[in-house]
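The structure file target_14.pdb is reproduced below (PDB, C-alpha atoms).
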MODEL        1
ATOM      1  CA  MET M  13      86.885  90.295 114.959
ATOM      2  CA  HIS M  14      87.379  90.644 111.206
ATOM      3  CA  LEU M  15      86.275  88.899 108.015
ATOM      4  CA  VAL M  16      88.334  87.810 105.029
ATOM      5  CA  LYS M  17      86.650  87.560 101.616
ATOM      6  CA  LEU M  18      87.690  86.937  98.021
ATOM      7  CA  ALA M  19      87.190  89.911  95.710
ATOM      8  CA  VAL M  20      86.151  87.780  92.728
ATOM      9  CA  GLY M  21      86.967  89.341  89.358
ATOM     10  CA  VAL M  22      88.845  92.259  90.899
ATOM     11  CA  LYS M  23      92.236  92.978  89.293
ATOM     12  CA  ASP M  24      93.791  95.272  91.913
ATOM     13  CA  PRO M  25      92.849  97.628  94.783
ATOM     14  CA  GLY M  26      92.140 100.476  92.352
ATOM     15  CA  HIS M  27      89.670  98.283  90.470
ATOM     16  CA  LEU M  28      87.921  97.392  93.768
ATOM     17  CA  ALA M  29      87.702 101.101  94.646
ATOM     18  CA  GLU M  30      86.131 101.902  91.270
ATOM     19  CA  ILE M  31      83.558  99.086  91.545
ATOM     20  CA  GLN M  32      82.611 100.226  95.034
ATOM     21  CA  ARG M  33      82.416 103.883  93.991
ATOM     22  CA  ARG M  34      79.855 102.970  91.324
ATOM     23  CA  ARG M  35      77.859 100.804  93.769
ATOM     24  CA  ALA M  36      77.794 103.523  96.428
ATOM     25  CA  VAL M  37      76.379 106.030  93.933
ATOM     26  CA  ALA M  38      73.840 103.626  92.411
ATOM     27  CA  ASP M  39      72.542 102.117  95.674
ATOM     28  CA  PRO M  40      73.799 103.783  98.880
ATOM     29  CA  PRO M  41      75.090 103.094 101.442
ATOM     30  CA  LEU M  42      78.189 101.219 100.279
ATOM     31  CA  ARG M  43      77.718  97.593 101.234
ATOM     32  CA  HIS M  44      78.715  94.107 100.279
ATOM     33  CA  GLN M  45      75.882  91.612 100.069
ATOM     34  CA  THR M  46      76.450  88.082 101.281
ATOM     35  CA  ARG M  47      74.222  85.075 101.911
ATOM     36  CA  SER M  48      75.061  84.334 105.544
ATOM     37  CA  PHE M  49      74.489  86.624 108.520
ATOM     38  CA  PRO M  50      77.597  86.574 110.755
ATOM     39  CA  LYS M  51      76.846  85.259 114.244
ATOM     40  CA  ARG M  52      79.572  87.583 115.534
ATOM     41  CA  ALA M  53      78.116  90.727 113.941
ATOM     42  CA  ALA M  54      78.452  92.779 117.133
ATOM     43  CA  GLU M  55      82.194  92.058 117.212
ATOM     44  CA  LEU M  56      82.529  93.017 113.539
ATOM     45  CA  THR M  57      80.922  96.410 114.048
ATOM     46  CA  ASP M  58      83.097  97.069 117.098
ATOM     47  CA  GLY M  59      86.214  97.991 115.104
ATOM     48  CA  GLY M  60      86.234  95.041 112.689
ATOM     49  CA  SER M  61      87.187  95.112 109.026
ATOM     50  CA  ILE M  62      86.712  93.016 105.924
ATOM     51  CA  TYR M  63      90.069  91.995 104.427
ATOM     52  CA  TRP M  64      89.890  91.597 100.654
ATOM     53  CA  VAL M  65      91.785  88.836  98.833
ATOM     54  CA  ILE M  66      92.723  90.180  95.402
ATOM     55  CA  THR M  67      94.565  88.038  92.845
ATOM     56  CA  GLY M  68      95.591  85.486  95.463
ATOM     57  CA  ALA M  69      96.651  87.757  98.319
ATOM     58  CA  VAL M  70      95.078  89.869 101.049
ATOM     59  CA  LEU M  71      95.897  93.421  99.925
ATOM     60  CA  VAL M  72      93.373  95.836 101.470
ATOM     61  CA  ARG M  73      90.828  96.146 104.252
ATOM     62  CA  GLN M  74      87.724  98.189 104.948
ATOM     63  CA  ARG M  75      85.962  98.922 108.232
ATOM     64  CA  VAL M  76      82.623  97.173 108.717
ATOM     65  CA  LEU M  77      80.239  99.865 109.949
ATOM     66  CA  ASP M  78      77.067  97.797 110.231
ATOM     67  CA  VAL M  79      75.598  94.384 109.471
ATOM     68  CA  THR M  80      72.005  94.528 108.245
ATOM     69  CA  GLU M  81      69.312  92.395 106.703
ATOM     70  CA  ASP M  82      69.253  93.149 102.980
ATOM     71  CA  VAL M  83      67.664  91.934  99.733
ATOM     72  CA  TRP M  84      69.295  90.749  96.493
ATOM     73  CA  ASP M  85      68.089  92.267  93.218
ATOM     74  CA  ASP M  86      65.775  89.254  92.737
ATOM     75  CA  GLY M  87      64.037  89.870  96.082
ATOM     76  CA  THR M  88      65.811  87.067  97.988
ATOM     77  CA  ARG M  89      66.842  87.962 101.534
ATOM     78  CA  CYS M  90      70.543  88.316 102.288
ATOM     79  CA  THR M  91      72.949  90.176 104.573
ATOM     80  CA  GLY M  92      74.405  93.610 103.882
ATOM     81  CA  LEU M  93      77.831  94.459 105.256
ATOM     82  CA  VAL M  94      77.849  98.270 105.336
ATOM     83  CA  LEU M  95      81.412  99.397 104.618
ATOM     84  CA  ASP M  96      83.507 102.490 105.128
ATOM     85  CA  PRO M  97      84.520 103.515 101.577
ATOM     86  CA  THR M  98      88.176 103.958 102.582
ATOM     87  CA  LEU M  99      90.427 101.113 101.402
ATOM     88  CA  VAL M 100      93.433 100.647 103.683
ATOM     89  CA  ARG M 101      96.450  98.909 102.142
ATOM     90  CA  VAL M 102      97.843  96.049 104.232
ATOM     91  CA  GLU M 103     100.950  93.904 104.048
ATOM     92  CA  ALA M 104     100.332  91.413 101.257
ATOM     93  CA  ARG M 105      99.575  87.924 102.492
ATOM     94  CA  PRO M 106      99.007  85.011 100.093
ATOM     95  CA  MET M 107      95.710  83.186 100.489
ATOM     96  CA  LYS M 108      94.249  80.240  98.614
ATOM     97  CA  PRO M 109      90.734  80.497  97.185
ATOM     98  CA  PHE M 110      87.738  79.626  99.358
ATOM     99  CA  GLN M 111      83.994  80.165  99.175
ATOM    100  CA  GLY M 112      82.081  82.710 101.196
ATOM    101  CA  TRP M 113      83.847  84.588 103.947
ATOM    102  CA  ARG M 114      85.859  83.510 106.968
ATOM    103  CA  TYR M 115      86.394  85.054 110.374
ATOM    104  CA  LEU M 116      89.862  86.496 110.938
ATOM    105  CA  ALA M 117      91.116  87.002 114.489
ATOM    106  CA  PRO M 118      92.711  90.406 115.124
ATOM    107  CA  ASP M 119      96.054  88.772 116.003
ATOM    108  CA  ASP M 120      96.068  87.002 112.610
ATOM    109  CA  ALA M 121      95.241  90.077 110.519
ATOM    110  CA  PRO M 122      97.940  91.578 108.277
ATOM    111  CA  ALA M 123      99.344  94.905 109.443
ATOM    112  CA  ASP M 124      98.391  98.149 107.727
ATOM    113  CA  LEU M 125     101.016  99.656 105.456
ATOM    114  CA  PRO M 126     102.213 103.133 106.377
ATOM    115  CA  GLU M 127     100.040 105.740 104.659
ATOM    116  CA  GLY M 128     101.455 106.282 101.204
ATOM    117  CA  GLY M 129     104.254 103.854 102.075
ATOM    118  CA  ARG M 130     105.452 100.778 100.339
ATOM    119  CA  THR M 131     107.239  97.777 101.641
ATOM    120  CA  SER M 132     108.840  96.272  98.557
ATOM    121  CA  GLY M 133     107.155  97.386  95.339
ATOM    122  CA  ILE M 134     105.597  93.942  94.886
ATOM    123  CA  GLU M 135     102.179  95.549  94.498
ATOM    124  CA  ASP M 136     103.460  97.288  91.324
ATOM    125  CA  LEU M 137     104.076  93.974  89.535
ATOM    126  CA  PRO M 138     101.374  92.762  87.143
ATOM    127  CA  PRO M 139      98.868  90.488  88.937
ATOM    128  CA  ALA M 140      99.712  87.443  86.761
ATOM    129  CA  LEU M 141     103.433  87.802  87.530
ATOM    130  CA  ARG M 142     102.749  88.148  91.277
ATOM    131  CA  ARG M 143     100.561  85.043  91.147
ATOM    132  CA  ASP M 144     103.257  83.052  89.303
ATOM    133  CA  LEU M 145     105.989  84.186  91.710
ATOM    134  CA  ARG M 146     103.828  83.196  94.704
ATOM    135  CA  ALA M 147     103.177  79.782  93.145
ATOM    136  CA  LEU M 148     106.940  79.307  92.923
ATOM    137  CA  ALA M 149     107.249  80.397  96.583
ATOM    138  CA  LEU M 150     109.352  83.398  95.539
ATOM    139  CA  LEU M 151     106.924  85.901  97.070
ATOM    140  CA  PRO M 152     105.028  85.781 100.369
TER     141      PRO M 152
ENDMDL
END
In structure tokens, what does this structure look like?
Amino acid sequence: MHLVKLAVGVKDPGHLAEIQRRRAVADPPLRHQTRSFPKRAAELTDGGSIYWVITGAVLVRQRVLDVTEDVWDDGTRCTGLVLDPTLVRVEARPMKPFQGWRYLAPDDAPADLPEGGRTSGIEDLPPALRRDLRALALLP
């Protein structure tokens, strides 16, 4: 089982990597904090990933290593999704905005791109142009 989550305010996969690099140094281990504890946590840690939606499309994934109880900076309890720092590029898949996270069945998950490979060069277009082309149904 996987999760899909919006990467709010993230411009591209490189930007996500930089944000996470800073977080991992400041407050290890690398994790994403979220309000709700997944009921299917055992399935997530058994080979599951979090798929990140960046500028309107799923572009990368990360392995979920653990799901723990955590605490926000203000002391409020939350959930920590402990992540492998490696971002794996996946075939771009458009996705409309939503709140929180959603489960993603393995059969519905986008395929990984070949290491160092590209499928079409779409990822090199500026995010605003990609978004506009998707809105016109000219890109997947």
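Once the PyMOL selection byres ((chain M and resi 101) around 6) is applied to this file, the selection holds Leu71, Val72, Val100, Val102, Asp124 and Leu125 of chain M.
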Worksheet entry | Reference answer for the PyMOL selection byres ((chain M and resi 46) around 10), as a list in words | Arg43, His44, Gln45, Arg47, Ser48, Phe49, Pro50, Glu81, Asp82, Val83, Trp84, Arg89, Cys90, Thr91, Gly92, Leu93, Gly112 and Trp113 of chain M
Discussion item. Given the PyMOL selection byres ((chain M and resi 20) around 9) and the file above, list the residues it selects as number ranges by chain.
Written reply: M: 17-19, 21-23, 65-67
Neighbouring residues of Gln74 of chain M were defined as those with any atom within 9 Å, considering all atoms listed in the file; residues of the same chain fewer than 4 positions away were excluded. Please report them as a short mmCIF file (atom, residue, chain, number, x, y, z; two decimals) with C-alpha atoms, keeping the file's coordinate frame.
data_model
loop_
_atom_site.label_atom_id
_atom_site.label_comp_id
_atom_site.auth_asym_id
_atom_site.auth_seq_id
_atom_site.Cartn_x
_atom_site.Cartn_y
_atom_site.Cartn_z
CA GLY M 60 86.23 95.04 112.69
CA SER M 61 87.19 95.11 109.03
CA ILE M 62 86.71 93.02 105.92
CA TYR M 63 90.07 92.00 104.43
CA TRP M 64 89.89 91.60 100.65
CA LEU M 95 81.41 99.40 104.62
CA ASP M 96 83.51 102.49 105.13
CA PRO M 97 84.52 103.52 101.58
CA THR M 98 88.18 103.96 102.58
CA LEU M 99 90.43 101.11 101.40
CA VAL M 100 93.43 100.65 103.68
#
Worksheet item: atom CA of Asp144 of chain M to atom CA of Pro25 of chain M: how many Å, to one decimal?
Response: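 That distance, rounded to one decimal, is 18.7 Å.
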Item to complete: Provide the atom CA of Leu15 of chain M to atom CA of Pro118 of chain M distance in Å, to one decimal place.
Response: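 Interatomic distance, atom CA of Leu15 of chain M to atom CA of Pro118 of chain M: 9.7 Å.
Across the model, the gap from atom CA of Thr57 of chain M to atom CA of His14 of chain M is 9.1 Å.
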